[in-house]
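Structure, as structure tokens:
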Amino acid sequence: MRFIVNGASMEAQVDLRTSLLDLLRDHLGLTGSKKGCNQGACGACTVLVDGTRINSCLALAVQYQNREIVTVEGLAEGAALHPLQAAFVEHDGFQCGYCTPGQLCSAIGMADEIARGVPSIVTADLSAETIPLDHDELRERMSGNLCRCGAYNGIVAAIAETFAKEPA
Amino acid sequence: MTPFTYARATGPADAIRMGQGDGAKYLGGGTNLVDLMRETIEHPATLVDVTGLSTAIEPLDGGGLRIGAAASNTSLAAHPQVREAYPVLARAILAGASGQIRNMATVGGNILQRTRCTYFYDDAARCNKRAPGAGCDAIDGFNRIHAILGASPACVATHPSDMCVALAALDATVRLDGPEGARELPLAALHRLPGARPDVETELRPGELIVAVDLPALPFAARSTYRKVRDRASYAFALVSVAAALDLEGNIVRDVRLALGGVAHKPWRAEAAEAALRGKPATAENFRAAAEAELSAAVGLRDNAFKIELARRTIVAVLGELAEVQA
Ligand SMILES: Cc1cc2nc3c(=O)[nH]c(=O)nc-3n(C[C@H](O)[C@H](O)[C@H](O)COP(=O)(O)OP(=O)(O)OC[C@H]3O[C@@H](n4cnc5c(N)ncnc54)[C@H](O)[C@@H]3O)c2cc1C
Ligand code: SF4
Ligand code: FES
Ligand code: FES
């Protein structure tokens, strides 16, 4: 099977039962994406596929051949951190760091959803073409990423600084 | 996980051909099926990937919308015509799961997702749905999340979908195709009550594929909404939810659509409440009377009797909210 991960084409012979998360971690050596629950409940395994965030633990790798997969390892440009990564450092957006790769990929996918005008359950006006990334929107849209250390204040501050036009 | 073979279908005919035979299952986003396979509750011999089927969301001649079964939950909720003409559907979808899961989940898979009854997931527990005739550990167990309407002595599980509650309220039709040909079923008639056979969850025939969902034109659904009551504010299944659309002439209820989630083995279309409201003034007393009519047959178990009053109050609150909205 052929996969495109962080811009590189990779071949792997894997059992059909392999999840995208296990493919990345156990077969391609990309251990940045984390396995928290392995059942869709925590978001630690979040990666981007063609720019869209998904939980890689619930994804069968075979379904994601030849798609553009981006993991936390693909966010920085060489030694230069992605602005969101730098903001996580600046705002203490983590303690143990286990949820961080998923938080980062999820927030980048979330920002793209906002930019495309995808509403959320807290969006009051569904007909609005632009939705501000305010505090309630940010927290609702990131609810698929749990942090057992409770570093939420720093996480929210980092995401707001990077993506929100208004303070969150 | 039991080993399986995998094939990606290029279209409905291809999918149906490959989907015949006892061990075959269609695979959408996998967010429910992969989980159940990992827990060894499902063990298909063949997975037929149907994410390559139509994802189109298109207007129907004469009004309404046709939604391809492979459309993602996110794309359906974000579709401009859904947001404008069927806000109840956009809100129901957005009230479910997380951003990541809604991106993966397909419309077909959402409809056919299975119950979240904890005993169903626990293979050390007795469960008639998993092992017909074994018994049901939920009936005398922890049953806070279980059904209050339409349950049976064999099973008290609920259907967990939010999207389906809105589809039931909107009179959606599910377009099927299969070895015996194409047909249509109202969404509200697709899922079964448990009766003596909780393992048979839908009216689908073996090998049948969901191809699309049709929404009829319903102009007053522009005044519609969805409210979901749950244990935390986000990323949790419903305890009780209400999908409603209200058509007022002055202060009189000309027409109404009402469906409940989290209360039964299927999305629960509240026809008794609808009948009680048509032609009546839109007052809190009449909303309450309608809610009582619908819930009169409800039965509480040890831990879930609170849902009966919760459902009544949520119906009253949602109808009250819609009555306030300017047409
Ligand atoms: C942590 C978590 C939280 C969740 N919270 C919510 C929630 O709050 N509200 C809610 O509504 N849902 C919730 N869900 C469930 C989620 O919405 C479903 O898992 C999802 O909609 C299923 O879609 P899928 O495409 O991934 O289906 P799959 O898992 O691929 O398939 C599900 C079933 O549908 C069948 N199937 C798929 N497509 C077709 C087709 N075209 N024709 C015939 N059969 C088909 C499959 O064979 C399988 O039996 C949650 C899920 C998780 C993991
Ligand atoms: S309620 Fe239904 S699904 Fe749950 S244990 Fe009983 S039979 Fe199984
Ligand atoms: S590991 Fe995938 S959501 Fe928890
Ligand atoms: S930083 Fe430890 S889980 Fe989030």
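Please note that chains go A, B, ... in the order of the structure tokens, that every chain numbers its residues from 1, and that ligands are numbered from 1 in the order shown.
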Neighbouring residues of Gly62 (chain B) were defined as those with any atom within 9 Å, considering only C-alpha atoms; residues of the same chain fewer than 3 positions away were excluded. Please report them as number ranges by chain.
B: 59, 216-217
Would you please give, as an MDAnalysis selection string, all residues of chain A that DSSP assigns to alpha helix (DSSP H) based on the backbone?
chainID A and resid 20:22 83:90 100:115 135:141 152:163
Restricting the output to N, CA and C atoms, write the selected residues as a short mmCIF file (atom, residue, chain, number, x, y, z; two decimals), in the first residue's frame.
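Result file selection.cif:
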```
data_model
loop_
_atom_site.label_atom_id
_atom_site.label_comp_id
_atom_site.auth_asym_id
_atom_site.auth_seq_id
_atom_site.Cartn_x
_atom_site.Cartn_y
_atom_site.Cartn_z
N LEU A 20 -5.03 3.59 10.78
CA LEU A 20 -4.11 4.62 10.29
C LEU A 20 -3.14 5.01 11.40
N LEU A 21 -3.63 5.04 12.65
CA LEU A 21 -2.76 5.40 13.77
C LEU A 21 -1.64 4.37 13.94
N ASP A 22 -1.97 3.09 13.92
CA ASP A 22 -0.94 2.06 14.07
C ASP A 22 0.01 2.05 12.87
N PRO A 83 3.42 28.42 13.63
CA PRO A 83 3.01 29.47 14.59
C PRO A 83 2.18 28.92 15.75
N LEU A 84 1.36 27.91 15.48
CA LEU A 84 0.55 27.36 16.56
C LEU A 84 1.43 26.61 17.57
N GLN A 85 2.44 25.92 17.09
CA GLN A 85 3.36 25.24 18.01
C GLN A 85 4.07 26.27 18.89
N ALA A 86 4.52 27.35 18.27
CA ALA A 86 5.21 28.39 19.04
C ALA A 86 4.26 28.98 20.09
N ALA A 87 2.99 29.15 19.70
CA ALA A 87 2.03 29.71 20.64
C ALA A 87 1.75 28.74 21.79
N PHE A 88 1.76 27.44 21.53
CA PHE A 88 1.59 26.46 22.61
C PHE A 88 2.74 26.58 23.61
N VAL A 89 3.96 26.78 23.12
CA VAL A 89 5.11 26.95 24.01
C VAL A 89 4.94 28.23 24.82
N GLU A 90 4.60 29.30 24.11
CA GLU A 90 4.45 30.61 24.74
C GLU A 90 3.39 30.60 25.85
N THR A 100 -0.94 16.89 23.08
CA THR A 100 -0.55 18.05 22.28
C THR A 100 -0.53 17.80 20.76
N PRO A 101 0.04 16.70 20.29
CA PRO A 101 0.03 16.49 18.83
C PRO A 101 -1.39 16.50 18.26
N GLY A 102 -2.30 15.88 18.98
CA GLY A 102 -3.69 15.86 18.55
C GLY A 102 -4.33 17.24 18.64
N GLN A 103 -4.02 17.98 19.72
CA GLN A 103 -4.56 19.34 19.86
C GLN A 103 -4.10 20.21 18.69
N LEU A 104 -2.83 20.09 18.32
CA LEU A 104 -2.27 20.93 17.26
C LEU A 104 -2.94 20.61 15.92
N CYS A 105 -2.97 19.34 15.56
CA CYS A 105 -3.57 18.98 14.27
C CYS A 105 -5.05 19.33 14.26
N SER A 106 -5.72 19.10 15.38
CA SER A 106 -7.14 19.39 15.45
C SER A 106 -7.40 20.88 15.28
N ALA A 107 -6.60 21.70 15.96
CA ALA A 107 -6.81 23.16 15.89
C ALA A 107 -6.57 23.68 14.48
N ILE A 108 -5.60 23.09 13.78
CA ILE A 108 -5.34 23.53 12.40
C ILE A 108 -6.52 23.14 11.50
N GLY A 109 -7.04 21.93 11.69
CA GLY A 109 -8.22 21.52 10.92
C GLY A 109 -9.43 22.37 11.28
N MET A 110 -9.55 22.70 12.55
CA MET A 110 -10.67 23.52 13.03
C MET A 110 -10.63 24.91 12.41
N ALA A 111 -9.43 25.49 12.34
CA ALA A 111 -9.29 26.84 11.77
C ALA A 111 -9.71 26.83 10.30
N ASP A 112 -9.39 25.75 9.62
CA ASP A 112 -9.79 25.63 8.22
C ASP A 112 -11.31 25.52 8.10
N GLU A 113 -11.93 24.78 9.04
CA GLU A 113 -13.41 24.66 9.01
C GLU A 113 -14.05 26.04 9.22
N ILE A 114 -13.54 26.79 10.17
CA ILE A 114 -14.06 28.15 10.42
C ILE A 114 -13.90 29.00 9.16
N ALA A 115 -12.73 28.90 8.53
CA ALA A 115 -12.47 29.71 7.33
C ALA A 115 -13.43 29.33 6.20
N HIS A 135 -14.76 32.72 22.11
CA HIS A 135 -14.45 31.76 23.18
C HIS A 135 -15.34 30.51 23.11
N ASP A 136 -16.66 30.73 22.96
CA ASP A 136 -17.59 29.59 22.95
C ASP A 136 -17.37 28.72 21.71
N GLU A 137 -17.19 29.38 20.56
CA GLU A 137 -16.95 28.61 19.33
C GLU A 137 -15.67 27.79 19.47
N LEU A 138 -14.64 28.39 19.99
CA LEU A 138 -13.35 27.69 20.08
C LEU A 138 -13.47 26.46 20.98
N ARG A 139 -14.10 26.65 22.13
CA ARG A 139 -14.20 25.53 23.07
C ARG A 139 -15.09 24.42 22.53
N GLU A 140 -16.21 24.78 21.92
CA GLU A 140 -17.09 23.76 21.34
C GLU A 140 -16.36 23.00 20.23
N ARG A 141 -15.69 23.72 19.36
CA ARG A 141 -15.05 23.08 18.21
C ARG A 141 -13.85 22.22 18.61
N TYR A 152 -6.25 23.32 29.60
CA TYR A 152 -7.16 23.95 28.63
C TYR A 152 -6.96 25.45 28.51
N ASN A 153 -6.69 26.14 29.62
CA ASN A 153 -6.56 27.60 29.51
C ASN A 153 -5.44 27.98 28.55
N GLY A 154 -4.30 27.30 28.68
CA GLY A 154 -3.18 27.58 27.79
C GLY A 154 -3.47 27.16 26.36
N ILE A 155 -4.14 26.04 26.22
CA ILE A 155 -4.49 25.55 24.87
C ILE A 155 -5.39 26.57 24.18
N VAL A 156 -6.43 27.01 24.89
CA VAL A 156 -7.37 27.98 24.31
C VAL A 156 -6.64 29.27 23.97
N ALA A 157 -5.77 29.73 24.87
CA ALA A 157 -5.05 30.99 24.62
C ALA A 157 -4.17 30.87 23.38
N ALA A 158 -3.49 29.74 23.24
CA ALA A 158 -2.58 29.55 22.10
C ALA A 158 -3.36 29.52 20.78
N ILE A 159 -4.47 28.81 20.79
CA ILE A 159 -5.26 28.70 19.55
C ILE A 159 -5.87 30.06 19.22
N ALA A 160 -6.38 30.73 20.25
CA ALA A 160 -7.01 32.04 20.01
C ALA A 160 -5.99 33.01 19.45
N GLU A 161 -4.79 33.04 20.03
CA GLU A 161 -3.78 33.98 19.55
C GLU A 161 -3.42 33.70 18.09
N THR A 162 -3.38 32.41 17.74
CA THR A 162 -2.95 32.05 16.39
C THR A 162 -4.04 32.27 15.35
N PHE A 163 -5.29 31.94 15.71
CA PHE A 163 -6.33 31.89 14.68
C PHE A 163 -7.48 32.89 14.85
#
```
Which one of B:Asp123, B:Ala97, B:Arg175, B:Gly11 sits closest to ligand 3 if you count only C-alpha atoms and all ligand atoms?
B:Ala97
Counting only C-alpha atoms, collect the residues of chain A whose closest atom lies at most 7 Å from chain B, and write them out as a PDB file with all heavy atoms, in the first residue's frame.
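Output file iface_17.pdb is given in full below:
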```
ATOM      1  N   ARG A  17      -6.228  -5.092   8.919  1.00  0.00           N
ATOM      2  CA  ARG A  17      -6.827  -4.634  10.180  1.00  0.00           C
ATOM      3  C   ARG A  17      -6.121  -3.416  10.770  1.00  0.00           C
ATOM      4  O   ARG A  17      -6.574  -2.857  11.758  1.00  0.00           O
ATOM      5  CB  ARG A  17      -6.803  -5.782  11.203  1.00  0.00           C
ATOM      6  CG  ARG A  17      -7.744  -6.914  10.843  1.00  0.00           C
ATOM      7  CD  ARG A  17      -7.547  -8.114  11.725  1.00  0.00           C
ATOM      8  NE  ARG A  17      -6.314  -8.828  11.390  1.00  0.00           N
ATOM      9  CZ  ARG A  17      -5.953  -9.983  11.930  1.00  0.00           C
ATOM     10  NH1 ARG A  17      -6.728 -10.547  12.843  1.00  0.00           N
ATOM     11  NH2 ARG A  17      -4.838 -10.572  11.581  1.00  0.00           N
ATOM     12  N   GLN A  39     -10.632   4.642  20.674  1.00  0.00           N
ATOM     13  CA  GLN A  39     -12.053   4.483  20.337  1.00  0.00           C
ATOM     14  C   GLN A  39     -12.757   5.798  20.013  1.00  0.00           C
ATOM     15  O   GLN A  39     -13.964   5.894  20.150  1.00  0.00           O
ATOM     16  CB  GLN A  39     -12.783   3.710  21.429  1.00  0.00           C
ATOM     17  CG  GLN A  39     -12.591   4.266  22.816  1.00  0.00           C
ATOM     18  CD  GLN A  39     -13.264   3.413  23.883  1.00  0.00           C
ATOM     19  OE1 GLN A  39     -13.536   2.240  23.676  1.00  0.00           O
ATOM     20  NE2 GLN A  39     -13.549   4.022  25.028  1.00  0.00           N
ATOM     21  N   ARG A  53      -9.427  17.320   9.557  1.00  0.00           N
ATOM     22  CA  ARG A  53      -9.011  16.575  10.766  1.00  0.00           C
ATOM     23  C   ARG A  53      -9.860  15.320  10.953  1.00  0.00           C
ATOM     24  O   ARG A  53     -11.088  15.372  10.789  1.00  0.00           O
ATOM     25  CB  ARG A  53      -9.076  17.474  11.999  1.00  0.00           C
ATOM     26  CG  ARG A  53     -10.441  18.101  12.221  1.00  0.00           C
ATOM     27  CD  ARG A  53     -10.475  18.972  13.474  1.00  0.00           C
ATOM     28  NE  ARG A  53     -11.739  19.694  13.548  1.00  0.00           N
ATOM     29  CZ  ARG A  53     -12.235  20.217  14.649  1.00  0.00           C
ATOM     30  NH1 ARG A  53     -11.578  20.128  15.791  1.00  0.00           N
ATOM     31  NH2 ARG A  53     -13.383  20.865  14.632  1.00  0.00           N
ATOM     32  N   ILE A  54      -9.223  14.233  11.305  1.00  0.00           N
ATOM     33  CA  ILE A  54      -9.923  12.980  11.616  1.00  0.00           C
ATOM     34  C   ILE A  54      -9.223  12.291  12.790  1.00  0.00           C
ATOM     35  O   ILE A  54      -8.091  12.617  13.123  1.00  0.00           O
ATOM     36  CB  ILE A  54      -9.953  12.002  10.407  1.00  0.00           C
ATOM     37  CG1 ILE A  54      -8.542  11.493  10.083  1.00  0.00           C
ATOM     38  CG2 ILE A  54     -10.579  12.643   9.178  1.00  0.00           C
ATOM     39  CD1 ILE A  54      -8.538  10.227   9.244  1.00  0.00           C
ATOM     40  N   ASN A  55      -9.915  11.318  13.379  1.00  0.00           N
ATOM     41  CA  ASN A  55      -9.295  10.488  14.413  1.00  0.00           C
ATOM     42  C   ASN A  55      -8.666   9.273  13.731  1.00  0.00           C
ATOM     43  O   ASN A  55      -9.384   8.405  13.230  1.00  0.00           O
ATOM     44  CB  ASN A  55     -10.344   9.992  15.415  1.00  0.00           C
ATOM     45  CG  ASN A  55     -10.936  11.113  16.237  1.00  0.00           C
ATOM     46  OD1 ASN A  55     -10.284  12.116  16.470  1.00  0.00           O
ATOM     47  ND2 ASN A  55     -12.162  10.940  16.662  1.00  0.00           N
ATOM     48  N   LEU A  58      -9.749   5.417  14.537  1.00  0.00           N
ATOM     49  CA  LEU A  58     -10.970   4.789  14.023  1.00  0.00           C
ATOM     50  C   LEU A  58     -10.895   4.598  12.507  1.00  0.00           C
ATOM     51  O   LEU A  58     -11.849   4.141  11.889  1.00  0.00           O
ATOM     52  CB  LEU A  58     -12.201   5.644  14.361  1.00  0.00           C
ATOM     53  CG  LEU A  58     -12.595   5.699  15.832  1.00  0.00           C
ATOM     54  CD1 LEU A  58     -13.848   6.560  16.004  1.00  0.00           C
ATOM     55  CD2 LEU A  58     -12.841   4.306  16.396  1.00  0.00           C
ATOM     56  N   ALA A  59      -9.759   4.960  11.920  1.00  0.00           N
ATOM     57  CA  ALA A  59      -9.607   4.890  10.467  1.00  0.00           C
ATOM     58  C   ALA A  59      -8.834   3.630  10.106  1.00  0.00           C
ATOM     59  O   ALA A  59      -7.768   3.383  10.657  1.00  0.00           O
ATOM     60  CB  ALA A  59      -8.854   6.128   9.979  1.00  0.00           C
ATOM     61  N   VAL A 118     -17.937  26.532   8.090  1.00  0.00           N
ATOM     62  CA  VAL A 118     -18.657  25.401   8.698  1.00  0.00           C
ATOM     63  C   VAL A 118     -19.190  25.851  10.062  1.00  0.00           C
ATOM     64  O   VAL A 118     -18.420  26.317  10.894  1.00  0.00           O
ATOM     65  CB  VAL A 118     -17.717  24.182   8.867  1.00  0.00           C
ATOM     66  CG1 VAL A 118     -18.427  23.051   9.614  1.00  0.00           C
ATOM     67  CG2 VAL A 118     -17.207  23.700   7.514  1.00  0.00           C
ATOM     68  N   PRO A 119     -20.496  25.732  10.290  1.00  0.00           N
ATOM     69  CA  PRO A 119     -21.038  26.182  11.576  1.00  0.00           C
ATOM     70  C   PRO A 119     -20.770  25.161  12.687  1.00  0.00           C
ATOM     71  O   PRO A 119     -20.293  24.056  12.416  1.00  0.00           O
ATOM     72  CB  PRO A 119     -22.539  26.291  11.311  1.00  0.00           C
ATOM     73  CG  PRO A 119     -22.815  25.309  10.220  1.00  0.00           C
ATOM     74  CD  PRO A 119     -21.553  25.206   9.401  1.00  0.00           C
ATOM     75  N   SER A 120     -21.074  25.547  13.917  1.00  0.00           N
ATOM     76  CA  SER A 120     -21.021  24.600  15.037  1.00  0.00           C
ATOM     77  C   SER A 120     -22.342  24.702  15.784  1.00  0.00           C
ATOM     78  O   SER A 120     -23.175  25.563  15.472  1.00  0.00           O
ATOM     79  CB  SER A 120     -19.867  24.938  15.987  1.00  0.00           C
ATOM     80  OG  SER A 120     -20.284  25.915  16.922  1.00  0.00           O
ATOM     81  N   ILE A 121     -22.516  23.863  16.798  1.00  0.00           N
ATOM     82  CA  ILE A 121     -23.785  23.871  17.532  1.00  0.00           C
ATOM     83  C   ILE A 121     -23.963  25.171  18.320  1.00  0.00           C
ATOM     84  O   ILE A 121     -25.091  25.539  18.646  1.00  0.00           O
ATOM     85  CB  ILE A 121     -23.911  22.616  18.449  1.00  0.00           C
ATOM     86  CG1 ILE A 121     -25.321  22.475  19.025  1.00  0.00           C
ATOM     87  CG2 ILE A 121     -22.890  22.632  19.571  1.00  0.00           C
ATOM     88  CD1 ILE A 121     -26.412  22.283  18.000  1.00  0.00           C
ATOM     89  N   LEU A 126     -27.208  30.484  11.770  1.00  0.00           N
ATOM     90  CA  LEU A 126     -26.695  29.489  10.828  1.00  0.00           C
ATOM     91  C   LEU A 126     -26.506  30.070   9.433  1.00  0.00           C
ATOM     92  O   LEU A 126     -25.805  29.494   8.608  1.00  0.00           O
ATOM     93  CB  LEU A 126     -27.650  28.296  10.737  1.00  0.00           C
ATOM     94  CG  LEU A 126     -27.616  27.286  11.880  1.00  0.00           C
ATOM     95  CD1 LEU A 126     -28.572  26.135  11.582  1.00  0.00           C
ATOM     96  CD2 LEU A 126     -26.213  26.750  12.107  1.00  0.00           C
ATOM     97  N   SER A 127     -27.135  31.213   9.154  1.00  0.00           N
ATOM     98  CA  SER A 127     -27.022  31.764   7.804  1.00  0.00           C
ATOM     99  C   SER A 127     -25.801  32.671   7.670  1.00  0.00           C
ATOM    100  O   SER A 127     -25.480  33.116   6.572  1.00  0.00           O
ATOM    101  CB  SER A 127     -28.301  32.530   7.444  1.00  0.00           C
ATOM    102  OG  SER A 127     -28.447  33.617   8.337  1.00  0.00           O
ATOM    103  N   GLU A 140     -16.212  24.785  21.920  1.00  0.00           N
ATOM    104  CA  GLU A 140     -17.091  23.762  21.340  1.00  0.00           C
ATOM    105  C   GLU A 140     -16.357  23.004  20.233  1.00  0.00           C
ATOM    106  O   GLU A 140     -16.386  21.773  20.171  1.00  0.00           O
ATOM    107  CB  GLU A 140     -18.363  24.422  20.800  1.00  0.00           C
ATOM    108  CG  GLU A 140     -19.162  23.609  19.784  1.00  0.00           C
ATOM    109  CD  GLU A 140     -19.648  22.255  20.294  1.00  0.00           C
ATOM    110  OE1 GLU A 140     -19.791  22.061  21.512  1.00  0.00           O
ATOM    111  OE2 GLU A 140     -19.862  21.358  19.434  1.00  0.00           O
ATOM    112  N   ARG A 141     -15.693  23.720  19.358  1.00  0.00           N
ATOM    113  CA  ARG A 141     -15.049  23.075  18.212  1.00  0.00           C
ATOM    114  C   ARG A 141     -13.852  22.223  18.610  1.00  0.00           C
ATOM    115  O   ARG A 141     -13.457  21.333  17.866  1.00  0.00           O
ATOM    116  CB  ARG A 141     -14.624  24.147  17.189  1.00  0.00           C
ATOM    117  CG  ARG A 141     -15.806  24.757  16.450  1.00  0.00           C
ATOM    118  CD  ARG A 141     -15.396  26.014  15.704  1.00  0.00           C
ATOM    119  NE  ARG A 141     -16.562  26.707  15.188  1.00  0.00           N
ATOM    120  CZ  ARG A 141     -17.062  26.525  13.965  1.00  0.00           C
ATOM    121  NH1 ARG A 141     -16.483  25.694  13.131  1.00  0.00           N
ATOM    122  NH2 ARG A 141     -18.128  27.192  13.577  1.00  0.00           N
ATOM    123  N   SER A 143     -13.870  20.397  21.387  1.00  0.00           N
ATOM    124  CA  SER A 143     -14.323  19.476  22.437  1.00  0.00           C
ATOM    125  C   SER A 143     -13.969  18.026  22.131  1.00  0.00           C
ATOM    126  O   SER A 143     -14.040  17.173  23.015  1.00  0.00           O
ATOM    127  CB  SER A 143     -15.835  19.622  22.679  1.00  0.00           C
ATOM    128  OG  SER A 143     -16.561  19.057  21.600  1.00  0.00           O
ATOM    129  N   GLY A 144     -13.554  17.727  20.915  1.00  0.00           N
ATOM    130  CA  GLY A 144     -13.124  16.374  20.589  1.00  0.00           C
ATOM    131  C   GLY A 144     -11.698  16.078  21.011  1.00  0.00           C
ATOM    132  O   GLY A 144     -11.179  14.999  20.732  1.00  0.00           O
TER     133      GLY A 144
END
```
So which residues are near ligand 4, meaning at most 10 Å away with only C-alpha atoms and all ligand atoms counted, given back as number ranges by chain?
A: 36, 42, 44, 92-103, 145-152, 154-155
Return as a PyMOL selection string the residues of protein, DNA or RNA that approach ligand 2 to within 6 Å, with only C-alpha atoms and all ligand atoms taken into account.
chain B and resi 117+119-120+127-129+136-138+154-157
For the residues in the current selection, export C-alpha atoms as a PDB file, in the first residue's frame.
```pdb
ATOM      1  CA  CYS B 117     -25.808   0.363  25.558  1.00  0.00           C
ATOM      2  CA  TYR B 119     -23.803  -4.105  28.093  1.00  0.00           C
ATOM      3  CA  PHE B 120     -23.974  -4.478  24.331  1.00  0.00           C
ATOM      4  CA  CYS B 127     -27.306  -9.113  25.804  1.00  0.00           C
ATOM      5  CA  ASN B 128     -30.142 -10.271  23.539  1.00  0.00           C
ATOM      6  CA  LYS B 129     -29.002  -7.941  20.799  1.00  0.00           C
ATOM      7  CA  CYS B 136     -30.590  -8.518  29.027  1.00  0.00           C
ATOM      8  CA  ASP B 137     -28.379  -7.200  31.811  1.00  0.00           C
ATOM      9  CA  ALA B 138     -29.549  -3.623  31.278  1.00  0.00           C
ATOM     10  CA  ALA B 154     -35.980  -8.369  25.629  1.00  0.00           C
ATOM     11  CA  CYS B 155     -34.198  -5.033  25.134  1.00  0.00           C
ATOM     12  CA  VAL B 156     -34.333  -1.459  26.434  1.00  0.00           C
ATOM     13  CA  ALA B 157     -31.578   0.035  24.276  1.00  0.00           C
TER      14      ALA B 157
END
```
Applying 9 Å and only C-alpha atoms, which residues near region 9-15 of chain A remain after dropping the ones on its own chain fewer than 5 positions away? List them as a PyMOL selection string.
(chain A and resi 1-4+23+27-28+61-62+66) or (chain B and resi 3)
Writer output for current selection, N, CA, C and O atoms, as a PDB file, in the first residue's frame:
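For reference, result13.pdb as written:
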```
ATOM      1  N   MET A   1       0.846  -1.196   0.000  1.00  0.00           N
ATOM      2  CA  MET A   1       0.000   0.000   0.000  1.00  0.00           C
ATOM      3  C   MET A   1       0.884   1.250   0.000  1.00  0.00           C
ATOM      4  O   MET A   1       1.946   1.268   0.606  1.00  0.00           O
ATOM      5  N   ARG A   2       0.392   2.299  -0.676  1.00  0.00           N
ATOM      6  CA  ARG A   2       1.171   3.530  -0.784  1.00  0.00           C
ATOM      7  C   ARG A   2       0.459   4.650  -0.017  1.00  0.00           C
ATOM      8  O   ARG A   2      -0.757   4.830  -0.148  1.00  0.00           O
ATOM      9  N   PHE A   3       1.235   5.358   0.779  1.00  0.00           N
ATOM     10  CA  PHE A   3       0.685   6.455   1.570  1.00  0.00           C
ATOM     11  C   PHE A   3       1.527   7.708   1.354  1.00  0.00           C
ATOM     12  O   PHE A   3       2.731   7.623   1.112  1.00  0.00           O
ATOM     13  N   ILE A   4       0.876   8.868   1.428  1.00  0.00           N
ATOM     14  CA  ILE A   4       1.601  10.137   1.318  1.00  0.00           C
ATOM     15  C   ILE A   4       1.516  10.806   2.686  1.00  0.00           C
ATOM     16  O   ILE A   4       0.441  11.238   3.107  1.00  0.00           O
ATOM     17  N   LEU A  23      -0.527   2.334  11.691  1.00  0.00           N
ATOM     18  CA  LEU A  23       0.349   2.438  10.518  1.00  0.00           C
ATOM     19  C   LEU A  23       1.404   3.510  10.758  1.00  0.00           C
ATOM     20  O   LEU A  23       2.607   3.290  10.565  1.00  0.00           O
ATOM     21  N   HIS A  27       4.522   1.308  11.848  1.00  0.00           N
ATOM     22  CA  HIS A  27       5.092   0.902  10.560  1.00  0.00           C
ATOM     23  C   HIS A  27       5.884   2.016   9.900  1.00  0.00           C
ATOM     24  O   HIS A  27       6.825   1.757   9.170  1.00  0.00           O
ATOM     25  N   LEU A  28       5.511   3.263  10.122  1.00  0.00           N
ATOM     26  CA  LEU A  28       6.214   4.367   9.464  1.00  0.00           C
ATOM     27  C   LEU A  28       7.087   5.141  10.451  1.00  0.00           C
ATOM     28  O   LEU A  28       7.738   6.122  10.075  1.00  0.00           O
ATOM     29  N   ALA A  61      -6.298   1.968   7.800  1.00  0.00           N
ATOM     30  CA  ALA A  61      -5.264   2.545   6.928  1.00  0.00           C
ATOM     31  C   ALA A  61      -5.595   2.324   5.461  1.00  0.00           C
ATOM     32  O   ALA A  61      -5.402   3.218   4.630  1.00  0.00           O
ATOM     33  N   VAL A  62      -6.121   1.148   5.134  1.00  0.00           N
ATOM     34  CA  VAL A  62      -6.383   0.800   3.736  1.00  0.00           C
ATOM     35  C   VAL A  62      -7.283   1.834   3.046  1.00  0.00           C
ATOM     36  O   VAL A  62      -7.194   2.047   1.841  1.00  0.00           O
ATOM     37  N   ASN A  66      -2.972   6.919  -0.791  1.00  0.00           N
ATOM     38  CA  ASN A  66      -2.874   7.999  -1.788  1.00  0.00           C
ATOM     39  C   ASN A  66      -3.596   9.287  -1.384  1.00  0.00           C
ATOM     40  O   ASN A  66      -3.928  10.095  -2.233  1.00  0.00           O
TER      41      ASN A  66
ATOM     42  N   PRO B   3      -9.891 -11.376  10.879  1.00  0.00           N
ATOM     43  CA  PRO B   3      -9.433 -10.957   9.551  1.00  0.00           C
ATOM     44  C   PRO B   3     -10.597 -10.812   8.565  1.00  0.00           C
ATOM     45  O   PRO B   3     -11.628 -11.477   8.706  1.00  0.00           O
TER      46      PRO B   3
END
```
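Residues surrounding Lys307 (chain B) within 12 Å are Asn143, Arg144, Ile145, His146, Ala147, Ile148, Leu149, Val229, Arg230, Ala238, Leu239, Val240, Ser241, Leu260, Gly261, Gly262, Val263, Ala264, Leu295, Ala298, Val299, Gly300, Leu301, Arg302, Arg312, Arg313, Thr314 and Ile315 of chain B [only C-alpha atoms; sequence separation below 5 positions excluded].
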One decimal, Å: what's the distance from CA of Gly43 (chain A) over to atom 31 (O, counted along the ligand's line) of ligand 1, could you say?
19.4 Å
Could you pull out the residues in region 173-281 of chain B that DSSP calls strand (DSSP E) from the backbone, as a ChimeraX atom specification?
/B:173-177,183-186,209-215,224-229,240-249,252-261,268-269
Exercise: Ala15 (chain B) partners within 10 Å, only C-alpha atoms, chain neighbours under 3 positions left out, as a ChimeraX atom specification
/B:7-12,18-20,26,48-50,52-53,177-178,207-209
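With CA of Leu167 (chain B) on one side and atom 5 (N, counted along the ligand's line) of ligand 1 on the other, the separation reads 17.0 Å.
Considering the residues A:His91, A:Arg25, A:His82, A:Arg67 and counting only C-alpha atoms and all ligand atoms, ligand 3 has its shortest atom-to-atom contact with A:Arg25.
Distances from A:Gly51, A:Gly40, A:Gly117, A:Gly74 to ligand 1 were compared using only C-alpha atoms and all ligand atoms, and the smallest one belongs to A:Gly40.
Ranking A:Val47, A:Cys57, A:Leu30, A:Leu24 by their shortest atom-to-atom distance to ligand 1, with only C-alpha atoms and all ligand atoms included, puts A:Cys57 first.
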